[in-house]
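Heads up, model31.txt below (compact mmCIF, C-alpha atoms and all ligand atoms):
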```txt
# COMPACT_ATOMS: atom_id res chain seq x y z
CA MET Q 1 -8.76 20.18 -7.19
CA ALA Q 2 -11.89 22.18 -7.89
CA ALA Q 3 -15.33 20.61 -7.48
CA ALA Q 4 -17.09 19.80 -10.72
CA ALA Q 5 -20.43 20.62 -12.17
CA SER Q 6 -22.92 17.81 -12.59
CA VAL Q 7 -21.52 16.40 -15.85
CA GLY Q 8 -18.11 15.50 -17.29
CA TYR Q 9 -16.88 12.92 -14.81
CA ALA Q 10 -14.05 10.47 -15.18
CA VAL Q 11 -12.45 7.85 -12.99
CA GLN Q 12 -8.82 8.60 -12.22
CA HIS Q 13 -6.38 5.79 -11.52
CA LEU Q 14 -4.15 6.57 -8.51
CA ILE Q 15 -1.52 4.83 -6.37
CA ASP Q 16 -1.85 4.82 -2.60
CA PRO Q 17 1.44 6.28 -1.27
CA GLU Q 18 0.80 4.81 2.17
CA ILE Q 19 0.83 1.21 0.99
CA CYS Q 20 3.13 1.49 -2.04
CA ILE Q 21 6.51 -0.15 -1.45
CA ARG Q 22 8.14 1.56 -4.45
CA CYS Q 23 9.10 -1.73 -6.09
CA ASN Q 24 8.74 -0.26 -9.60
CA THR Q 25 6.66 -3.22 -10.80
CA CYS Q 26 3.79 -1.01 -12.01
CA GLU Q 27 6.07 1.36 -13.89
CA ALA Q 28 7.86 -1.56 -15.52
CA THR Q 29 4.55 -3.23 -16.41
CA CYS Q 30 2.61 -0.27 -17.80
CA PRO Q 31 2.49 -0.71 -21.60
CA VAL Q 32 1.71 2.97 -22.26
CA LYS Q 33 4.22 4.51 -19.81
CA ALA Q 34 1.53 6.23 -17.75
CA ILE Q 35 3.35 5.54 -14.46
CA THR Q 36 6.35 7.52 -13.28
CA HIS Q 37 8.03 8.22 -9.96
CA ASP Q 38 10.20 10.69 -8.09
CA SER Q 39 12.31 9.98 -5.04
CA ARG Q 40 9.17 9.45 -2.99
CA ASN Q 41 5.96 8.60 -4.86
CA TYR Q 42 4.76 6.54 -7.82
CA VAL Q 43 2.09 8.38 -9.79
CA VAL Q 44 -0.25 7.81 -12.74
CA ASP Q 45 -0.67 10.29 -15.58
CA PHE Q 46 -4.40 10.82 -16.07
CA ASN Q 47 -3.95 11.75 -19.72
CA THR Q 48 -1.94 8.63 -20.59
CA CYS Q 49 -3.54 5.84 -18.54
CA ASN Q 50 -5.95 3.87 -20.76
CA PHE Q 51 -7.33 1.63 -17.99
CA CYS Q 52 -5.78 -1.49 -19.49
CA ASN Q 53 -5.27 -2.78 -15.91
CA ALA Q 54 -2.00 -4.53 -16.82
CA CYS Q 55 -0.40 -3.04 -13.70
CA ILE Q 56 -3.05 -4.22 -11.26
CA ALA Q 57 -2.29 -7.90 -10.79
CA PRO Q 58 1.52 -7.63 -10.47
CA CYS Q 59 1.35 -5.05 -7.64
CA PRO Q 60 2.29 -6.90 -4.44
CA THR Q 61 0.35 -4.64 -2.05
CA GLY Q 62 -2.73 -3.48 -3.91
CA ALA Q 63 -1.50 0.14 -3.66
CA ILE Q 64 -2.06 0.36 -7.42
CA ASP Q 65 -5.72 -0.54 -7.15
CA ASN Q 66 -7.12 2.91 -6.30
CA TRP Q 67 -9.60 5.00 -8.19
CA ARG Q 68 -11.21 8.36 -7.63
CA GLN Q 69 -14.07 9.96 -9.42
CA VAL Q 70 -12.95 13.36 -10.70
CA ALA Q 71 -14.14 16.07 -13.00
CA LYS Q 72 -12.67 15.38 -16.44
CA THR Q 73 -11.26 18.88 -16.71
CA THR Q 74 -9.55 18.89 -13.29
CA PRO Q 75 -7.95 15.52 -12.57
CA PHE Q 76 -5.20 15.30 -9.96
CA SER Q 77 -1.98 16.51 -11.60
CA LEU Q 78 1.32 14.65 -11.36
CA ASP Q 79 2.69 17.38 -9.08
CA GLU Q 80 -0.26 16.99 -6.73
CA GLN Q 81 0.28 13.23 -6.61
CA PHE Q 82 4.02 13.64 -5.98
CA SER Q 83 3.23 15.75 -2.91
CA TRP Q 84 0.84 13.25 -1.27
CA ASP Q 85 1.50 11.28 1.89
CA SER Q 86 -1.90 9.62 1.59
CA LEU Q 87 -4.69 9.45 -0.96
CA PRO Q 88 -7.32 12.19 -0.93
CA PRO Q 89 -10.77 11.06 0.19
CA GLN Q 90 -13.30 10.00 -2.41
CA SER Q 91 -14.89 13.26 -3.60
CA ASP Q 92 -18.58 13.81 -3.09
CA LEU Q 93 -19.20 14.91 -6.68
CA GLU Q 94 -22.81 14.87 -7.73
CA VAL Q 95 -22.75 11.95 -10.13
CA GLY Q 96 -26.28 12.30 -11.38
CA SER Q 97 -28.22 9.55 -13.09
CA ASP Q 98 -26.49 6.50 -14.56
CA ALA Q 99 -27.22 7.83 -18.01
CA GLU Q 100 -24.77 10.69 -17.38
CA VAL Q 101 -21.93 8.37 -16.30
CA PRO Q 102 -20.13 6.50 -19.08
CA ALA Q 103 -20.32 2.69 -18.77
CA GLU Q 104 -16.58 2.26 -18.33
CA VAL Q 105 -16.59 4.77 -15.49
CA ARG Q 106 -19.42 2.90 -13.73
CA GLN Q 107 -17.54 -0.37 -14.21
CA LEU Q 108 -14.30 1.05 -12.84
CA THR Q 109 -16.13 2.51 -9.88
CA GLU Q 110 -17.50 -0.96 -9.17
CA ILE Q 111 -14.02 -2.45 -9.48
CA ALA Q 112 -12.70 0.21 -7.14
CA THR Q 113 -15.39 -0.58 -4.61
CA ALA Q 114 -14.72 -4.29 -4.82
CA GLY Q 115 -10.99 -3.65 -4.38
CA GLN Q 116 -10.17 -6.62 -6.63
CA GLY Q 117 -9.25 -4.78 -9.86
CA GLY Q 118 -8.17 -7.57 -12.17
CA ALA Q 119 -5.95 -9.41 -9.68
CA VAL Q 120 -5.12 -13.06 -10.35
CA ALA Q 121 -7.57 -15.20 -8.43
CA PRO Q 122 -6.24 -17.47 -5.71
CA PRO Q 123 -6.51 -21.28 -6.10
CA TRP Q 124 -10.14 -22.31 -5.69
CA SER Q 125 -9.39 -24.10 -2.42
CA ALA Q 126 -7.32 -21.31 -0.83
CA ALA Q 127 -8.41 -20.22 2.64
CA HIS Q 128 -9.98 -16.80 3.10
CA PRO Q 129 -7.27 -14.14 3.58
CA TYR Q 130 -7.74 -11.14 5.84
CA VAL Q 131 -6.22 -7.93 4.48
CA ASN Q 132 -5.61 -4.36 5.64
CA LEU Q 133 -6.50 -5.03 9.27
CA TYR Q 134 -3.83 -2.55 10.37
CA SER Q 135 -3.02 0.72 8.61
CA VAL Q 136 -0.26 3.30 8.82
CA ASP Q 137 -2.47 5.36 11.10
CA ARG Q 138 -3.26 2.36 13.26
CA PRO Q 139 -0.42 -0.18 13.02
CA ALA Q 140 -0.15 -3.33 15.12
CA ILE Q 141 2.72 -3.24 17.59
CA ALA Q 142 4.72 -6.46 17.49
CA THR Q 143 7.55 -7.52 19.79
CA VAL Q 144 10.71 -9.07 18.40
CA THR Q 145 11.17 -12.55 19.85
CA GLY Q 146 13.86 -13.82 17.49
CA ASN Q 147 16.50 -12.53 15.07
CA PHE Q 148 18.78 -15.24 13.68
CA ARG Q 149 21.27 -15.06 10.86
CA LEU Q 150 20.37 -17.68 8.24
CA THR Q 151 23.43 -17.36 6.04
CA ASP Q 152 26.88 -18.62 7.05
CA ASP Q 153 29.21 -16.19 8.80
CA GLY Q 154 31.43 -16.26 5.72
CA ALA Q 155 28.56 -15.59 3.30
CA SER Q 156 28.40 -12.24 1.51
CA ALA Q 157 24.68 -11.84 2.25
CA ASP Q 158 23.28 -11.22 5.73
CA VAL Q 159 19.88 -12.91 5.55
CA ARG Q 160 17.90 -13.07 8.77
CA HIS Q 161 14.96 -14.97 10.18
CA ILE Q 162 13.05 -12.47 12.29
CA VAL Q 163 10.21 -13.54 14.57
CA LEU Q 164 7.54 -11.02 15.58
CA ASP Q 165 4.97 -11.68 18.29
CA PHE Q 166 1.66 -9.84 18.21
CA GLY Q 167 0.72 -10.47 21.83
CA SER Q 168 -3.01 -9.92 22.24
CA SER Q 169 -3.53 -8.25 18.80
CA ALA Q 170 -5.12 -10.52 16.20
CA PHE Q 171 -2.90 -10.64 13.12
CA PRO Q 172 -4.10 -13.57 10.98
CA VAL Q 173 -1.93 -14.38 7.96
CA LEU Q 174 -1.89 -17.09 5.32
CA GLU Q 175 1.16 -18.55 3.60
CA GLY Q 176 2.01 -16.27 0.64
CA GLN Q 177 0.70 -13.10 2.27
CA SER Q 178 2.92 -10.15 3.17
CA VAL Q 179 3.10 -7.64 5.97
CA GLY Q 180 4.33 -4.06 5.95
CA VAL Q 181 6.81 -2.63 8.42
CA LEU Q 182 7.12 1.06 9.30
CA PRO Q 183 10.76 1.92 10.04
CA PRO Q 184 11.00 4.67 12.66
CA GLY Q 185 12.45 8.10 11.92
CA LEU Q 186 12.41 10.21 8.79
CA ASP Q 187 13.69 9.71 5.25
CA PRO Q 188 16.20 12.12 3.62
CA ASN Q 189 13.24 14.36 2.63
CA GLY Q 190 12.24 14.72 6.26
CA LYS Q 191 9.11 12.61 5.79
CA PRO Q 192 8.19 9.39 7.59
CA HIS Q 193 9.62 6.29 5.88
CA HIS Q 194 7.19 4.55 3.57
CA VAL Q 195 6.01 1.03 4.28
CA ARG Q 196 8.45 -1.83 3.59
CA LEU Q 197 6.82 -5.05 2.50
CA TYR Q 198 8.01 -8.52 3.54
CA SER Q 199 6.62 -11.96 2.70
CA VAL Q 200 5.62 -14.03 5.67
CA ALA Q 201 7.86 -17.09 6.07
CA SER Q 202 5.75 -18.92 8.65
CA PRO Q 203 2.54 -20.91 8.26
CA ARG Q 204 -0.90 -19.70 9.30
CA ASP Q 205 -0.78 -21.22 12.79
CA GLY Q 206 2.32 -19.24 13.68
CA GLU Q 207 6.07 -19.63 13.54
CA ARG Q 208 5.62 -21.54 16.73
CA PRO Q 209 2.36 -23.49 16.45
CA ARG Q 210 -0.48 -21.82 18.29
CA TYR Q 211 1.63 -18.79 19.19
CA ASN Q 212 0.47 -15.45 17.85
CA ASN Q 213 3.69 -14.90 15.95
CA ILE Q 214 5.07 -14.74 12.41
CA ALA Q 215 8.52 -15.09 10.86
CA LEU Q 216 10.04 -12.93 8.11
CA THR Q 217 13.07 -13.63 5.90
CA ILE Q 218 14.99 -10.38 5.39
CA LYS Q 219 18.22 -9.67 3.55
CA ARG Q 220 20.26 -6.68 4.67
CA VAL Q 221 20.49 -4.35 1.68
CA THR Q 222 23.99 -2.90 1.31
CA GLN Q 223 23.96 -2.18 -2.44
CA ASP Q 224 21.53 -0.72 -4.93
CA HIS Q 225 20.57 -2.52 -8.17
CA GLN Q 226 23.67 -1.11 -9.88
CA GLY Q 227 25.95 -2.50 -7.18
CA SER Q 228 26.79 0.91 -5.63
CA PRO Q 229 26.87 1.07 -1.83
CA ALA Q 230 23.41 1.78 -0.39
CA SER Q 231 21.85 1.21 2.98
CA GLY Q 232 18.26 -0.06 2.82
CA ALA Q 233 16.35 1.81 5.54
CA GLY Q 234 13.86 -1.01 6.06
CA SER Q 235 16.11 -4.04 5.84
CA ASN Q 236 18.88 -2.57 8.02
CA TYR Q 237 16.33 -1.52 10.64
CA MET Q 238 14.85 -5.01 10.66
CA CYS Q 239 18.18 -6.88 10.59
CA ASP Q 240 19.47 -4.82 13.57
CA LEU Q 241 16.40 -5.46 15.76
CA LYS Q 242 17.01 -6.82 19.25
CA ILE Q 243 14.84 -9.19 21.25
CA GLY Q 244 12.12 -7.15 22.98
CA ASP Q 245 12.13 -4.29 20.46
CA ALA Q 246 8.71 -3.00 19.36
CA VAL Q 247 7.93 -2.88 15.62
CA LYS Q 248 5.03 -1.18 13.84
CA VAL Q 249 3.39 -3.61 11.44
CA VAL Q 250 0.63 -2.99 8.89
CA GLY Q 251 -1.39 -5.29 6.67
CA PRO Q 252 -1.68 -8.17 6.11
CA TYR Q 253 -1.66 -7.90 2.30
CA GLY Q 254 -2.27 -10.29 -0.57
CA THR Q 255 -5.35 -12.05 -1.84
CA SER Q 256 -4.03 -14.15 -4.72
CA TYR Q 257 -0.58 -15.64 -3.95
CA LEU Q 258 -2.13 -18.25 -1.67
CA MET Q 259 -1.67 -21.99 -1.47
CA PRO Q 260 -4.28 -24.61 -2.41
CA ASN Q 261 -5.81 -26.48 0.51
CA HIS Q 262 -7.60 -29.41 -1.10
CA PRO Q 263 -6.29 -32.92 -0.47
CA GLY Q 264 -4.21 -34.17 -3.38
CA SER Q 265 -3.13 -30.69 -4.50
CA SER Q 266 0.52 -30.38 -5.47
CA ILE Q 267 2.78 -27.34 -5.28
CA MET Q 268 5.73 -26.46 -7.50
CA MET Q 269 7.87 -23.74 -5.90
CA ILE Q 270 10.60 -21.83 -7.71
CA CYS Q 271 12.60 -19.19 -5.87
CA THR Q 272 15.88 -17.37 -5.39
CA GLY Q 273 17.27 -15.84 -2.19
CA THR Q 274 14.67 -14.31 0.12
CA GLY Q 275 12.00 -15.33 -2.41
CA SER Q 276 12.15 -18.49 -0.33
CA ALA Q 277 9.97 -16.91 2.40
CA PRO Q 278 6.56 -17.93 0.98
CA MET Q 279 7.98 -21.31 -0.02
CA ARG Q 280 9.11 -21.95 3.54
CA ALA Q 281 5.65 -20.98 4.79
CA MET Q 282 3.88 -23.34 2.38
CA THR Q 283 6.34 -26.19 2.99
CA GLU Q 284 6.01 -25.82 6.75
CA ARG Q 285 2.20 -25.81 6.48
CA ARG Q 286 2.35 -29.07 4.55
CA ARG Q 287 4.98 -30.52 6.91
CA ARG Q 288 2.77 -29.90 9.94
CA ARG Q 289 -0.09 -31.69 8.18
CA ALA Q 290 1.99 -34.52 6.74
CA ALA Q 291 0.61 -37.03 9.25
CA LEU Q 292 -2.87 -36.50 7.76
CA LYS Q 293 -1.64 -38.10 4.53
CA GLU Q 294 -3.67 -35.76 2.32
CA GLY Q 295 -1.54 -36.56 -0.73
CA GLY Q 296 -0.13 -34.15 -3.32
CA GLU Q 297 3.51 -33.47 -4.11
CA LEU Q 298 5.92 -30.68 -3.27
CA MET Q 299 8.63 -29.86 -5.80
CA LEU Q 300 11.11 -27.08 -5.03
CA PHE Q 301 13.63 -25.29 -7.25
CA PHE Q 302 15.78 -22.96 -5.15
CA GLY Q 303 18.62 -20.79 -6.46
CA ALA Q 304 21.45 -19.21 -4.47
CA ARG Q 305 25.07 -18.25 -5.08
CA ARG Q 306 26.49 -20.97 -2.82
CA LYS Q 307 25.06 -23.35 -0.28
CA GLU Q 308 26.28 -21.06 2.53
CA GLU Q 309 24.11 -18.29 1.07
CA LEU Q 310 20.94 -20.37 0.83
CA PRO Q 311 18.44 -19.39 3.54
CA TYR Q 312 17.10 -22.40 5.48
CA PHE Q 313 19.64 -24.77 3.89
CA GLY Q 314 20.08 -26.84 7.07
CA PRO Q 315 16.39 -27.40 7.93
CA LEU Q 316 15.53 -27.92 4.26
CA MET Q 317 18.04 -30.73 3.85
CA LYS Q 318 16.55 -32.54 6.85
CA LEU Q 319 13.15 -32.91 5.16
CA PRO Q 320 12.44 -36.42 3.87
CA ARG Q 321 12.83 -36.87 0.10
CA GLU Q 322 9.39 -38.47 -0.12
CA PHE Q 323 7.88 -35.31 1.43
CA ILE Q 324 9.57 -32.77 -0.87
CA ASP Q 325 11.54 -33.04 -4.12
CA ILE Q 326 14.36 -30.49 -3.61
CA ASN Q 327 16.42 -29.10 -6.50
CA LEU Q 328 19.11 -26.61 -5.51
CA ALA Q 329 20.78 -24.43 -8.15
CA PHE Q 330 24.10 -22.88 -7.13
CA SER Q 331 25.57 -20.22 -9.38
CA ARG Q 332 28.91 -19.53 -7.71
CA GLU Q 333 30.22 -22.78 -6.23
CA THR Q 334 33.88 -23.07 -7.22
CA ASP Q 335 33.70 -26.79 -8.01
CA GLN Q 336 30.43 -26.75 -10.03
CA PRO Q 337 29.26 -25.14 -13.26
CA LYS Q 338 27.07 -22.05 -12.80
CA THR Q 339 23.51 -23.32 -12.42
CA TYR Q 340 20.23 -21.39 -12.33
CA VAL Q 341 16.81 -22.70 -11.32
CA GLN Q 342 15.73 -22.72 -14.97
CA ASP Q 343 18.59 -25.14 -15.80
CA LEU Q 344 17.25 -27.59 -13.22
CA ILE Q 345 13.68 -27.16 -14.47
CA ARG Q 346 14.93 -28.31 -17.89
CA ALA Q 347 16.96 -31.14 -16.31
CA ARG Q 348 13.83 -32.36 -14.47
CA GLY Q 349 11.68 -31.83 -17.55
CA LYS Q 350 9.75 -35.10 -17.33
CA ASP Q 351 8.49 -34.46 -13.77
CA VAL Q 352 7.93 -30.77 -14.43
CA ALA Q 353 5.81 -31.63 -17.48
CA ARG Q 354 3.81 -34.13 -15.42
CA LEU Q 355 3.04 -31.43 -12.83
CA LEU Q 356 2.29 -28.81 -15.51
CA ARG Q 357 -0.32 -31.25 -16.87
CA ASP Q 358 -1.75 -31.97 -13.41
CA GLU Q 359 -4.80 -29.75 -12.85
CA SER Q 360 -4.23 -30.05 -9.11
CA CYS Q 361 -0.69 -28.64 -9.26
CA TYR Q 362 -0.20 -24.95 -8.48
CA ILE Q 363 3.02 -23.15 -9.39
CA TYR Q 364 4.68 -20.33 -7.43
CA LEU Q 365 7.64 -18.15 -8.46
CA CYS Q 366 9.25 -15.70 -6.08
CA GLY Q 367 12.57 -13.89 -6.29
CA LEU Q 368 14.67 -11.98 -8.79
CA LYS Q 369 12.88 -10.39 -11.72
CA GLY Q 370 15.44 -11.85 -14.16
CA MET Q 371 14.51 -15.35 -13.05
CA GLU Q 372 10.92 -14.93 -14.24
CA THR Q 373 11.79 -14.74 -17.94
CA GLY Q 374 14.30 -17.56 -17.60
CA VAL Q 375 11.81 -19.83 -15.84
CA LEU Q 376 9.00 -19.16 -18.32
CA GLU Q 377 11.41 -19.94 -21.18
CA ALA Q 378 12.36 -23.18 -19.42
CA PHE Q 379 8.67 -24.09 -19.13
CA ARG Q 380 8.32 -23.49 -22.87
CA ASP Q 381 11.24 -25.85 -23.58
CA VAL Q 382 9.90 -28.51 -21.22
CA CYS Q 383 6.51 -28.31 -22.92
CA ARG Q 384 8.04 -28.63 -26.38
CA ASP Q 385 10.06 -31.69 -25.32
CA HIS Q 386 7.11 -33.42 -23.65
CA GLY Q 387 4.21 -32.95 -26.02
CA LEU Q 388 2.68 -29.82 -24.45
CA ASP Q 389 2.04 -26.45 -26.08
CA TRP Q 390 3.20 -23.63 -23.76
CA ASP Q 391 1.31 -20.98 -25.71
CA ARG Q 392 -1.92 -22.83 -24.98
CA LEU Q 393 -1.02 -23.98 -21.48
CA LYS Q 394 0.11 -20.61 -20.09
CA PRO Q 395 -3.28 -18.86 -20.47
CA GLU Q 396 -4.93 -21.97 -19.03
CA LEU Q 397 -2.64 -21.84 -16.01
CA HIS Q 398 -3.61 -18.19 -15.51
CA ALA Q 399 -7.32 -18.84 -16.01
CA LYS Q 400 -7.26 -21.68 -13.49
CA SER Q 401 -5.17 -19.65 -11.01
CA ARG Q 402 -2.39 -22.23 -11.25
CA LEU Q 403 0.51 -19.83 -11.91
CA HIS Q 404 1.48 -17.22 -9.33
CA ILE Q 405 4.45 -14.91 -9.81
CA GLU Q 406 6.03 -12.45 -7.38
CA THR Q 407 9.33 -11.08 -8.65
CA TYR Q 408 11.21 -7.90 -7.85
P1 LIG I 501 24.31 -14.98 -9.82
O1 LIG I 501 25.49 -15.71 -9.26
O2 LIG I 501 24.38 -14.90 -11.30
O3 LIG I 501 24.10 -13.66 -9.17
P2 LIG I 501 21.14 -13.14 -5.03
O4 LIG I 501 22.17 -13.85 -4.20
O5 LIG I 501 21.67 -11.95 -5.76
O6 LIG I 501 19.88 -12.87 -4.26
O7 LIG I 501 20.69 -14.18 -6.17
C1 LIG I 501 20.18 -15.45 -5.88
C2 LIG I 501 20.51 -16.39 -6.98
O8 LIG I 501 19.78 -16.06 -8.17
C3 LIG I 501 21.98 -16.37 -7.36
O9 LIG I 501 22.40 -17.69 -7.54
C4 LIG I 501 21.97 -15.59 -8.66
O10 LIG I 501 23.05 -15.93 -9.52
C5 LIG I 501 20.69 -16.12 -9.26
N1 LIG I 501 20.26 -15.35 -10.42
C6 LIG I 501 20.68 -14.12 -10.85
N2 LIG I 501 20.07 -13.78 -12.00
C7 LIG I 501 19.26 -14.82 -12.34
C8 LIG I 501 18.38 -15.09 -13.43
N3 LIG I 501 18.22 -14.21 -14.41
N4 LIG I 501 17.71 -16.25 -13.43
C9 LIG I 501 17.87 -17.15 -12.42
N5 LIG I 501 18.69 -16.97 -11.38
C10 LIG I 501 19.38 -15.82 -11.34
```

So that I can check it, write out the structure of this file as structure tokens.
Amino acid sequence: MAAAASVGYAVQHLIDPEICIRCNTCEATCPVKAITHDSRNYVVDFNTCNFCNACIAPCPTGAIDNWRQVAKTTPFSLDEQFSWDSLPPQSDLEVGSDAEVPAEVRQLTEIATAGQGGAVAPPWSAAHPYVNLYSVDRPAIATVTGNFRLTDDGASADVRHIVLDFGSSAFPVLEGQSVGVLPPGLDPNGKPHHVRLYSVASPRDGERPRYNNIALTIKRVTQDHQGSPASGAGSNYMCDLKIGDAVKVVGPYGTSYLMPNHPGSSIMMICTGTGSAPMRAMTERRRRRAALKEGGELMLFFGARRKEELPYFGPLMKLPREFIDINLAFSRETDQPKTYVQDLIRARGKDVARLLRDESCYIYLCGLKGMETGVLEAFRDVCRDHGLDWDRLKPELHAKSRLHIETY
């Protein structure tokens, strides 16, 4: 890109290929179809993006939240962006006086600097998260100390609980945050694999309390979204790890999907499959503090095909009912009607409505994209049946950081 003269600047919205996990959320969210992708990168069309910021909050890694000042006449083309392995440095264009820079450009530059572009705020009492401590250029090296299959031997899914120890490297994480893993080797294009993102399944004080370790919940990918055979480079690498193997880890990521910490705060958790990882982390955090009797409720809706396919089924069922209200939705048990989490939300409408009303209750969704619509529709029905107005409540939940959604 050529350097510009002293006038005619714009801010260009870009996606960081180093952090992007290619989850397609931004492309699916963009209302003006400014985002596209090839087999490697997600890119933003300068001429189409209208800075509506709709894509910013849903991005799980923050890769979407990147901005560069460019000359209006020579923005980065789509082809240039497709070829990148990392973002170009911020240019040293001569910006001139404020009067020469349009207000929206100044504002976006400030957003870019703050790195918070429109993301949903965390609950007011969430702890301070650390992010981006380790990058692709300088990853943390973790050692595998555990790799256990969570699903029954007969289950169709191979879901694993993988424990990584960071030794003497500080790697602080909070429940709800994610880490990136760099699979070794090259992709079919001969380039290094991009970062794979996984939610942390352990609480902030470690999978084993006071050990410098974390746990991840990872499903071996053997099919693509259409059901055709496919081998996920990241998940197969992780699921095949042996004790003692070294893994390159980047992050941590995530500043909004965090749990409340104030006494009396309640948590409603709704998940399917490996979307259970953040729910396990939050539940375990609360379990370790249960003796403090800080109050607040835990209500869980968890969907899986069959009980044998439900990660953490055994340990979950051992938790006392007065500690957590567990609602399991099985869709493929032979002796039960097909049930989804949203069916159970309707069935438990009275308690769900009570928690929706409770200003101290925070709601977390994680799992299949299809579940999101179903769950939000169930909330609407529950509201209608219990004297609440979902169209008024939903924006309030957002404004008060009480609704957090991570679907894929
Ligand atoms: P299904 O039997 O219809 O696939 P998976 O095992 O693929 O990770 O899915 C976890 C659970 O989520 C399964 O029980 C699956 O049911 C269920 N599920 C699939 N689609 C939806 C949806 N739109 N809403 C809620 N649950 C869903």

Would you list the contacts of Q:Ala34 as a PyMOL selection string, taking every protein, DNA or RNA residue within 9 Å and counting all atoms listed in the file, but skipping same-chain residues closer than 4 positions in sequence? chain Q and resi 27+30+43-50

Can you tell me which residues sit at most 6 Å away from ligand LIG 501 (chain I), counting only C-alpha atoms and all ligand atoms, written as an NGL selection string? :Q and (272-273 or 303-305 or 330-332 or 340-341 or 370-371 or 374)

Every residue with an atom at most 8 Å from (6.7, -3.4, 3.8) (file coordinates; only C-alpha atoms) is what I'm after, so could you write them as an NGL selection string? :Q and (19 or 21 or 178-182 or 194-198 or 234 or 250)

Please identify all polymer residues within 12 Å of Q:Asp79, counting all atoms listed in the file, omitting same-chain residues fewer than 2 positions from it, and present them as a ChimeraX atom specification. /Q:1,36-38,40-46,75-77,81-84

What is the atom CA of Q:Glu80 to atom CA of Q:Ile56 distance in Å?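 Spanning atom CA of Q:Glu80 to atom CA of Q:Ile56 is a straight-line distance of 21.9 Å.
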
Nearest to Q:Tyr312 by atom-to-atom distance, counting all atoms listed in the file, from Q:His13, Q:Arg68, Q:Lys248, Q:His161: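 Closest to Q:Tyr312, using all atoms listed in the file: Q:His161.
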
So how far away is atom CA of Q:Pro203 from atom CA of Q:Pro60, in Å?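 That distance, rounded to one decimal, is 18.9 Å.
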
Restricting the calculation to only C-alpha atoms, which member of Q:Leu78, Q:Ile405, Q:Leu393, Q:Ile141 is positioned closest to Q:Ser169?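 The closest residue to Q:Ser169 is Q:Ile141.
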
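Here atom CA of Q:Ala71 stands at a distance of 28.8 Å from atom CA of Q:Val136.
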
Using only C-alpha atoms, which residues sit within 12 Å of Q:Phe313 once same-chain residues fewer than 3 positions away are excluded, as a list in words?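 Listed by chain and then number, they are Leu150, Thr151, Asp152, Val159, Gly273, Ser276, Arg280, Phe302, Gly303, Ala304, Arg306, Lys307, Glu308, Glu309, Leu310, Leu316, Met317, Lys318, Leu319, Ile326, Asn327 and Leu328 of chain Q.
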
Ranking Q:Pro89, Q:Gly206, Q:Gly62, Q:Gly154 by minimum distance to Q:Glu284 and counting only C-alpha atoms, which one comes first?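 Of all the options, Q:Gly206 lies closest to Q:Glu284.
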